[in-house]
2 protein chains.
Amino acid sequence: MRQNEHAVRRSRGRPPIRSDEETRHLILEAASLEFRTNGYASTTMAAVGQRAGVSTKTMYRLIPTKADLFKSMCSERIGRFMLAIDETKVGTLALEAALERILGAYGTLALDGEVIAITRLVTSESDRFPELGSAFYEGAFRRTREAIEGWLRRQCDRGLIALDDPGVAADMLRGMMVMEPQRAVMLGQRPAPDADEIAARARMCANLFLNGCRRDRTVAGSSPA
Amino acid sequence: MRQNEHAVRRSRGRPPIRSDEETRHLILEAASLEFRTNGYASTTMAAVGQRAGVSTKTMYRLIPTKADLFKSMCSERIGRFMLAIDETKVGTLALEAALERILGAYGTLALDGEVIAITRLVTSESDRFPELGSAFYEGAFRRTREAIEGWLRRQCDRGLIALDDPGVAADMLRGMMVMEPQRAVMLGQRPAPDADEIAARARMCANLFLNGCRRDRTVAGSSPA
DNA sequence: CATTTTAGAAAATAATAGTTTTCCATAAAA
DNA sequence: TTTTATGGAAAACTATTATTTTCTAAAATG
C-alpha cells in the first residue's frame with residue numbers, strides 16, 4: 001500500500017504546475033473580468049484564456065463550454081451577495097440609527113461596482129440562462145429582502161412602527177436606497193458612489209421612511225370619508 | 001415644368017411597393033421584437049428581415065448596419081417614453097391622492113412590459129452603445145424625475161411637505177415604486193404587474209412617503225444629543 | 001537515459017452571421 | 001411592346017469564434 005485513498009501522486013510523468021482547483025480559480029477570475037467588461041457574447045474564450053494565462057486546452061479540460069464558464073462564474077459571485085444584519089451591532093441603536101446602519105450595509109453591498117456589474121450581466125443574460133436569473137433573484141435579491149423585512153417586523157412587534165406588509169416595505173426601502181444610483185452606473189452615467197455618499201443616502205432614506213415628509217401631522221388613515 | 005420640387009414620379013420603371021418610410025417602420029417594428037426577445041448579439045439580420053417581410057437588400061438600403069438598426073429602434077422607443085410622462089392631471093386633488101396618481105402614472109409607464117424590455121436592452125448594451133445609455137438616462141429617466149421633482153417642489157413651497165432635496169426625494173419615490181417589480185420581471189421571475197397591482201403599490205408608496213411608518217410621532221431632528 | 005504525463009502554442013474544424021452581389025419576375029411608362 | 005426601375009430569393013464572400021487536435025518542451029520517475 002504505497003498509495004493513500006486519493007490525491008497522492010502515484011504516476012510518473014510531469015506533475016501539474018498547479019492544482020486544478022487553482023487553475024479553475026484563475027480562469028473564473030479572468031472570466032469575471034472579461035464578462036463584466038464585454039458582456040457574454042462579446043467575450044471570447046481566447047481572451048479569457050489569455051488573461052488567465054492558461055491554454056485553451058487546459059481551460060476546456062476544466063470547464064467544458066462557454067456557457068458553463070459563465071454560469072460558474074456568476075454562481076460563485078452570487079453566493080457572495082448576502083446582506084448580513086448583525087443584530088448585536090444594531091440591536092442597541094435607536095430606531096432611526098439602526099435603520100440607517102442597515103441601509104448603509106445594504107447600499108454598500110448593492111452599490112459596489114463589481115456587484116452592479118454582475119447584476120447587470122445576470123439581468124442581461126437571464127433569457128439565455130434562466131437558472132441564473134432565478135439564482136440571483138432567490139439567492140441574492142430575496143435574501144437581502146428577508147434580512148430587512150425581519151428587522152422591520154421586529155420593530156412592528158415592538159410597536160415602534162406600523163406597516164401593513166413589512167415585505168413590501170422592505171422592497172420599497174431597497175428601491176429608494178439604490179435604484180437611481182445603480183441605474184446611473186449601469187447606464188454609464190457615473191461611477192459607483194463612495195462610502196460617504198452611501199451613508200448620506202442611508203440617512204435620508206431612514207429619516208424619510210420613518211417620518212415621512214408631510215408637514216401637517218395628520219395620522220395616516222385618520223382622514224374622513 | 002412637368003415635375004414638382006421633389007417626390008414626384010418622373011422615372012419610368014416599376015414604382016415602389018411602399019414608401020421607404022413605411023418599409024423602415026416595418027423593419028423597426030420587427031427589430032424591436034427580435035432585439036427585445038433575443039438581445040442584441042443573438043438577433044440576426046436575417047430574422048429581422050424575415051419578420052418584417054423585407055429582403056436583406058432592401059433592409060440594407062434603408063439601414064446600413066446592424067448597429068444602426070439597433071440604435072434607430074431604441075431611439076424611436078425612448079422618444080415615446082418621454083411623451084407618455086408629461087403632465088398627469090393632478091390639479092385639484094388632495095396631497096396624498098395627487099401623489100398617488102403621479103406614482104400610478106409613473107408605475108404604469110415604468111412597469112409596462114415593453115418598456116421594461118427596452119430598459120433592460122439599453123442597459124445591457126450601454127457599453128457597446130454609450131449614446132443610447134445617455135439618451136435613455138437623459139431622455140427618459142431624467143424626465144420622469146423632473147416631473148416628480150417639480151411637483152414635490154411645489155408642495156414644499158406650499159408648505160405641505162418638507163424636503164431637503166426634492167430631486168433626490170423624487171428618485172427615492174421612483175425607486176420605492178418600481179425597483180422590485182421591475183427587477184423581478186427583468187429576471188424572468190414574474191410577468192409585468194397589472195393596473196390593480198400598480199395602483200395598490202402607488203397607494204402604499206404615497207402613504208409611506210408622506211406619513212412615514214413611525215408610531216411615536218417624534219418630529220424628525222428634534223431628538224436630543 | 002527512457003518513459004510518461006502535463007500543459008502551452010498554434011493549427012485545424014465548423015458553424016454562424018453580417019454584408020454584398022447576382023439573378024429575375026414584375027409593373028409602370030413611353 | 002420595349003425600356004427601365006423595384007425589390008424579393010438566394011448565393012457568395014468574409015470574419016469571427018467556439019471547440020478540437022496536433023505538436024512539443026518540460027519534468028518527474030525508475
# chains A, B, ... in the order shown; residues from 1 in each chain; ligands from 1
>>> select_by_dssp(residues="range 47-150 of chain A", states="alpha helix (DSSP H)", output="number ranges by chain")
A: 47-52, 56-62, 66-78, 87-91, 95-110, 113-125, 130-135, 142-150
>>> residues_around(residues="DT4 in chain C", least_positions_apart="4", cutoff="10 Å", atoms="only C-alpha atoms (C1' of nucleotides)", output="PyMOL selection string")
(chain A and resi 11-14) or (chain D and resi 28-29)
>>> closest_residue(among="B:Met82, B:Ser19, B:Gly39, B:Phe129", to="Arg143 in chain B", atoms="only C-alpha atoms")
B:Met82
>>> closest_atom_pairs(of="chain C", to="chain B", cutoff="9 Å", atoms="only C-alpha atoms (C1' of nucleotides)", output="CSV")
residue,atom,partner,partner_atom,distance
C:DA17,C1',B:Thr44,CA,6.8
C:DG18,C1',B:Met45,CA,7.6
C:DT19,C1',B:Tyr60,CA,8.4
C:DT20,C1',B:Lys57,CA,8.7
C:DT26,C1',B:Arg14,CA,7.5
C:DA27,C1',B:Arg14,CA,5.1
C:DA28,C1',B:Arg14,CA,5.1
C:DA29,C1',B:Arg12,CA,4.9
C:DA30,C1',B:Arg12,CA,8.3
>>> closest_atom_pairs(of="chain B", to="chain A", cutoff="6 Å", atoms="only C-alpha atoms", output="Markdown table")
| residue | atom | partner | partner_atom | distance |
| --- | --- | --- | --- | --- |
| B:Thr123 | CA | A:Leu187 | CA | 5.6 |
| B:Ser124 | CA | A:Ser124 | CA | 5.3 |
| B:Ser126 | CA | A:Leu187 | CA | 5.7 |
| B:Gly133 | CA | A:Leu187 | CA | 4.9 |
| B:Leu160 | CA | A:Arg215 | CA | 5.3 |
| B:Ile161 | CA | A:Arg214 | CA | 4.4 |
| B:Ala162 | CA | A:Cys213 | CA | 5.4 |
| B:Met172 | CA | A:Met176 | CA | 3.9 |
| B:Gly175 | CA | A:Gly175 | CA | 4.1 |
| B:Met176 | CA | A:Met172 | CA | 3.9 |
| B:Met179 | CA | A:Gly175 | CA | 5.2 |
| B:Leu187 | CA | A:Gly133 | CA | 4.9 |
| B:Phe209 | CA | A:Gly212 | CA | 5.0 |
| B:Leu210 | CA | A:Gly212 | CA | 4.5 |
| B:Asn211 | CA | A:Gly212 | CA | 4.2 |
| B:Gly212 | CA | A:Gly212 | CA | 3.8 |
| B:Cys213 | CA | A:Leu210 | CA | 5.0 |
| B:Arg214 | CA | A:Ile161 | CA | 4.4 |
| B:Arg215 | CA | A:Ile161 | CA | 4.7 |
>>> interface_residues(of="chain D", to="chain B", cutoff="9 Å", atoms="only C-alpha atoms (C1' of nucleotides)", output="MDAnalysis selection string")
chainID D and resid 3:9
>>> write_last_selection(atoms="N, CA, C and O atoms (P, O5', C5', C4', C3', O3' and C1' of nucleotides)", output="short mmCIF file (atom, residue, chain, number, x, y, z; two decimals), in the first residue's frame")
data_model
loop_
_atom_site.label_atom_id
_atom_site.label_comp_id
_atom_site.auth_asym_id
_atom_site.auth_seq_id
_atom_site.Cartn_x
_atom_site.Cartn_y
_atom_site.Cartn_z
P DT D 3 -35.74 47.79 -76.14
"O5'" DT D 3 -35.79 48.81 -74.92
"C5'" DT D 3 -36.37 50.09 -75.11
"C4'" DT D 3 -36.58 50.77 -73.79
"C3'" DT D 3 -35.43 50.58 -72.79
"O3'" DT D 3 -35.10 51.84 -72.24
"C1'" DT D 3 -37.48 50.00 -71.78
P DT D 4 -33.75 51.99 -71.38
"O5'" DT D 4 -34.32 51.95 -69.90
"C5'" DT D 4 -35.40 52.80 -69.56
"C4'" DT D 4 -35.81 52.55 -68.12
"C3'" DT D 4 -34.66 52.19 -67.18
"O3'" DT D 4 -34.88 52.83 -65.95
"C1'" DT D 4 -36.32 50.56 -67.04
P DA D 5 -33.64 53.28 -65.01
"O5'" DA D 5 -34.27 53.15 -63.54
"C5'" DA D 5 -35.45 53.87 -63.26
"C4'" DA D 5 -36.34 53.06 -62.35
"C3'" DA D 5 -35.71 52.65 -61.02
"O3'" DA D 5 -36.66 52.89 -60.00
"C1'" DA D 5 -36.53 50.73 -62.12
P DT D 6 -36.23 52.84 -58.44
"O5'" DT D 6 -36.92 51.50 -57.97
"C5'" DT D 6 -38.33 51.37 -58.09
"C4'" DT D 6 -38.74 49.99 -57.62
"C3'" DT D 6 -38.07 49.54 -56.33
"O3'" DT D 6 -39.08 49.32 -55.36
"C1'" DT D 6 -38.04 47.82 -57.99
P DG D 7 -38.74 49.35 -53.77
"O5'" DG D 7 -38.61 47.79 -53.49
"C5'" DG D 7 -39.74 46.97 -53.75
"C4'" DG D 7 -39.31 45.53 -53.77
"C3'" DG D 7 -38.44 45.12 -52.56
"O3'" DG D 7 -38.82 43.81 -52.19
"C1'" DG D 7 -37.33 44.60 -54.52
P DG D 8 -38.88 43.40 -50.65
"O5'" DG D 8 -39.03 41.82 -50.79
"C5'" DG D 8 -40.06 41.29 -51.61
"C4'" DG D 8 -39.60 40.01 -52.28
"C3'" DG D 8 -38.83 39.07 -51.35
"O3'" DG D 8 -39.34 37.74 -51.49
"C1'" DG D 8 -37.54 39.54 -53.28
P DA D 9 -38.93 36.66 -50.43
"O5'" DA D 9 -37.94 35.72 -51.28
"C5'" DA D 9 -38.12 35.54 -52.68
"C4'" DA D 9 -37.12 34.50 -53.17
"C3'" DA D 9 -36.50 33.66 -52.06
"O3'" DA D 9 -36.27 32.34 -52.55
"C1'" DA D 9 -34.82 34.99 -53.09
#
>>> atom_distance(atom1="CA of Val115 in chain A", atom2="CA of Pro193 in chain B")
26.5 Å
>>> residues_around(residues="DT22 in chain C", least_positions_apart="3", cutoff="10 Å", atoms="only C-alpha atoms (C1' of nucleotides)", output="JSON, numbers by chain")
{"D": [10, 11, 12]}
